[in-house]
Amino acid sequence: LERARASAAASGRSPLRGTGVAGPVALASDCGADGWLELAGMDEVRANVSTGDQLRLRRKGSEDVNGRVALVRSVVTATGQPGELLRLWEVAMEGEPTQYLDFTDDALAVAVPCTPSAPAAAAEGA
């Protein structure tokens, strides 16, 4: 994970896109008080997730509401059935081997770092 972060930094790309609002579809008002925005649907994932980005991944409905932080190493295209192409994300999580995940899996929740707006963060803390 540290190597992937160093590689992203060396290439001039910050491994954390979420220094502000996380991409074109994320609004500060949508950001959770914990600084993560859960993406809803494949369009948001495609618009907000690329190589070098930090994510928080969890299984929907699991007892682990926080999930695990991961770093996207690459986005790859694989073949499925004849004439079908699948997009997979190669992710690194500390203490685990590299995994190739399909973010179109409805059971998987993908979140990106964001900056909560002050009123929203205060309201959630109340």
# chains A, B, ... in the order shown; residues from 1 in each chain; ligands from 1
call {"tool": "residues_around", "arguments": {"residues": "Leu86 of chain A", "least_positions_apart": "5", "cutoff": "9 Å", "atoms": "only C-alpha atoms", "output": "MDAnalysis selection string"}}
result
chainID A and resid 76:80 102
call {"tool": "select_by_dssp", "arguments": {"residues": "segment 46-85 of chain A", "states": "strand (DSSP E or B)", "output": "MDAnalysis selection string"}}
result
chainID A and resid 54:59 68:79 85
call {"tool": "residues_around", "arguments": {"residues": "Ala107 of chain A", "least_positions_apart": "3", "cutoff": "10 Å", "atoms": "only C-alpha atoms", "output": "list in words"}}
result
Arg58, Arg59, Lys60, Gly61, Ser62, Phe103, Thr104 and Val110 of chain A
call {"tool": "residues_around", "arguments": {"residues": "segment 36-50 of chain A", "least_positions_apart": "2", "cutoff": "6 Å", "atoms": "only C-alpha atoms", "output": "PDB file with N, CA and C atoms, in the first residue's frame"}}
result
ATOM      1  N   GLY A  23     -14.795  14.689  -6.717  1.00  0.00           N
ATOM      2  CA  GLY A  23     -15.176  14.519  -8.104  1.00  0.00           C
ATOM      3  C   GLY A  23     -16.405  15.303  -8.522  1.00  0.00           C
ATOM      4  N   CYS A  31     -21.460  14.723   1.741  1.00  0.00           N
ATOM      5  CA  CYS A  31     -20.327  14.134   2.443  1.00  0.00           C
ATOM      6  C   CYS A  31     -20.724  13.800   3.875  1.00  0.00           C
ATOM      7  N   GLY A  32     -20.345  12.617   4.337  1.00  0.00           N
ATOM      8  CA  GLY A  32     -20.629  12.217   5.706  1.00  0.00           C
ATOM      9  C   GLY A  32     -19.727  12.956   6.682  1.00  0.00           C
ATOM     10  N   ASP A  34     -17.913  11.729   8.751  1.00  0.00           N
ATOM     11  CA  ASP A  34     -16.654  10.992   8.884  1.00  0.00           C
ATOM     12  C   ASP A  34     -15.685  11.277   7.744  1.00  0.00           C
ATOM     13  N   ASP A  53      -6.285   6.443  -6.396  1.00  0.00           N
ATOM     14  CA  ASP A  53      -7.272   6.980  -5.460  1.00  0.00           C
ATOM     15  C   ASP A  53      -7.417   6.089  -4.229  1.00  0.00           C
ATOM     16  N   VAL A 110     -18.844   1.478  -2.048  1.00  0.00           N
ATOM     17  CA  VAL A 110     -17.593   2.162  -2.349  1.00  0.00           C
ATOM     18  C   VAL A 110     -17.733   3.619  -1.909  1.00  0.00           C
ATOM     19  N   ALA A 111     -16.780   4.091  -1.111  1.00  0.00           N
ATOM     20  CA  ALA A 111     -16.806   5.480  -0.651  1.00  0.00           C
ATOM     21  C   ALA A 111     -15.478   6.139  -0.975  1.00  0.00           C
ATOM     22  N   VAL A 112     -15.517   7.449  -1.233  1.00  0.00           N
ATOM     23  CA  VAL A 112     -14.317   8.238  -1.515  1.00  0.00           C
ATOM     24  C   VAL A 112     -14.183   9.322  -0.454  1.00  0.00           C
ATOM     25  N   PRO A 113     -12.943   9.776  -0.199  1.00  0.00           N
ATOM     26  CA  PRO A 113     -12.757  10.852   0.776  1.00  0.00           C
ATOM     27  C   PRO A 113     -13.397  12.144   0.276  1.00  0.00           C
ATOM     28  N   CYS A 114     -13.921  12.927   1.195  1.00  0.00           N
ATOM     29  CA  CYS A 114     -14.513  14.213   0.850  1.00  0.00           C
ATOM     30  C   CYS A 114     -14.370  15.140   2.051  1.00  0.00           C
TER      31      CYS A 114
END
call {"tool": "closest_residue", "arguments": {"among": "A:Gly52, A:Ala92, A:Ala33, A:Leu57", "to": "Ala109 of chain A", "atoms": "only C-alpha atoms"}}
result
A:Leu57
call {"tool": "select_by_dssp", "arguments": {"residues": "segment 39-123 of chain A", "states": "helix (DSSP H, G or I)", "output": "list of chain:residue names"}}
result
A:Met42, A:Asp43, A:Glu44, A:Val45, A:Arg46, A:Ala47, A:Asn48, A:Ala118, A:Pro119, A:Ala120, A:Ala121, A:Ala122, A:Ala123
call {"tool": "atom_distance", "arguments": {"atom1": "atom CA of Arg56 of chain A", "atom2": "atom CA of Leu85 of chain A"}}
result
25.1 Å
call {"tool": "decode", "arguments": {"residues": "segment 87-113 of chain A", "atoms": "N, CA and C atoms", "output": "short mmCIF file (atom, residue, chain, number, x, y, z; two decimals), in the first residue's frame"}}
result
data_model
loop_
_atom_site.label_atom_id
_atom_site.label_comp_id
_atom_site.auth_asym_id
_atom_site.auth_seq_id
_atom_site.Cartn_x
_atom_site.Cartn_y
_atom_site.Cartn_z
N ARG A 87 -15.13 -4.21 -16.37
CA ARG A 87 -14.14 -3.33 -15.75
C ARG A 87 -13.91 -3.83 -14.33
N LEU A 88 -12.65 -4.04 -13.99
CA LEU A 88 -12.26 -4.48 -12.65
C LEU A 88 -11.27 -3.47 -12.07
N TRP A 89 -11.31 -3.30 -10.76
CA TRP A 89 -10.39 -2.40 -10.08
C TRP A 89 -9.43 -3.23 -9.25
N GLU A 90 -8.12 -3.03 -9.49
CA GLU A 90 -7.08 -3.69 -8.70
C GLU A 90 -6.86 -2.82 -7.47
N VAL A 91 -7.11 -3.38 -6.29
CA VAL A 91 -6.99 -2.60 -5.06
C VAL A 91 -6.03 -3.27 -4.09
N ALA A 92 -5.34 -2.43 -3.33
CA ALA A 92 -4.42 -2.91 -2.30
C ALA A 92 -4.96 -2.47 -0.94
N MET A 93 -5.06 -3.44 -0.04
CA MET A 93 -5.45 -3.15 1.34
C MET A 93 -4.33 -3.64 2.24
N GLU A 94 -4.01 -2.83 3.23
CA GLU A 94 -2.91 -3.16 4.11
C GLU A 94 -3.13 -4.53 4.76
N GLY A 95 -2.09 -5.37 4.68
CA GLY A 95 -2.13 -6.69 5.30
C GLY A 95 -2.87 -7.75 4.49
N GLU A 96 -3.28 -7.43 3.27
CA GLU A 96 -3.99 -8.39 2.43
C GLU A 96 -3.36 -8.42 1.04
N PRO A 97 -3.49 -9.56 0.34
CA PRO A 97 -2.99 -9.60 -1.03
C PRO A 97 -3.82 -8.70 -1.95
N THR A 98 -3.25 -8.33 -3.07
CA THR A 98 -3.96 -7.53 -4.07
C THR A 98 -5.24 -8.23 -4.47
N GLN A 99 -6.31 -7.44 -4.62
CA GLN A 99 -7.59 -8.00 -5.02
C GLN A 99 -8.10 -7.29 -6.28
N TYR A 100 -8.83 -8.01 -7.09
CA TYR A 100 -9.49 -7.45 -8.27
C TYR A 100 -10.98 -7.47 -7.97
N LEU A 101 -11.59 -6.28 -7.89
CA LEU A 101 -12.98 -6.18 -7.49
C LEU A 101 -13.83 -5.58 -8.60
N ASP A 102 -15.07 -6.04 -8.65
CA ASP A 102 -16.06 -5.51 -9.58
C ASP A 102 -16.95 -4.57 -8.78
N PHE A 103 -16.79 -3.27 -8.96
CA PHE A 103 -17.56 -2.30 -8.19
C PHE A 103 -19.01 -2.21 -8.63
N THR A 104 -19.40 -2.97 -9.67
CA THR A 104 -20.80 -3.02 -10.04
C THR A 104 -21.57 -4.00 -9.17
N ASP A 105 -20.88 -4.73 -8.32
CA ASP A 105 -21.51 -5.66 -7.37
C ASP A 105 -22.36 -4.86 -6.39
N ASP A 106 -23.67 -5.09 -6.41
CA ASP A 106 -24.58 -4.33 -5.56
C ASP A 106 -24.33 -4.53 -4.07
N ALA A 107 -23.65 -5.61 -3.71
CA ALA A 107 -23.38 -5.88 -2.29
C ALA A 107 -22.18 -5.10 -1.78
N LEU A 108 -21.45 -4.44 -2.67
CA LEU A 108 -20.23 -3.72 -2.30
C LEU A 108 -20.50 -2.22 -2.25
N ALA A 109 -20.18 -1.59 -1.12
CA ALA A 109 -20.31 -0.13 -0.98
C ALA A 109 -18.93 0.49 -1.16
N VAL A 110 -18.84 1.48 -2.05
CA VAL A 110 -17.59 2.16 -2.35
C VAL A 110 -17.73 3.62 -1.91
N ALA A 111 -16.78 4.09 -1.11
CA ALA A 111 -16.81 5.48 -0.65
C ALA A 111 -15.48 6.14 -0.98
N VAL A 112 -15.52 7.45 -1.23
CA VAL A 112 -14.32 8.24 -1.52
C VAL A 112 -14.18 9.32 -0.45
N PRO A 113 -12.94 9.78 -0.20
CA PRO A 113 -12.76 10.85 0.78
C PRO A 113 -13.40 12.14 0.28
#
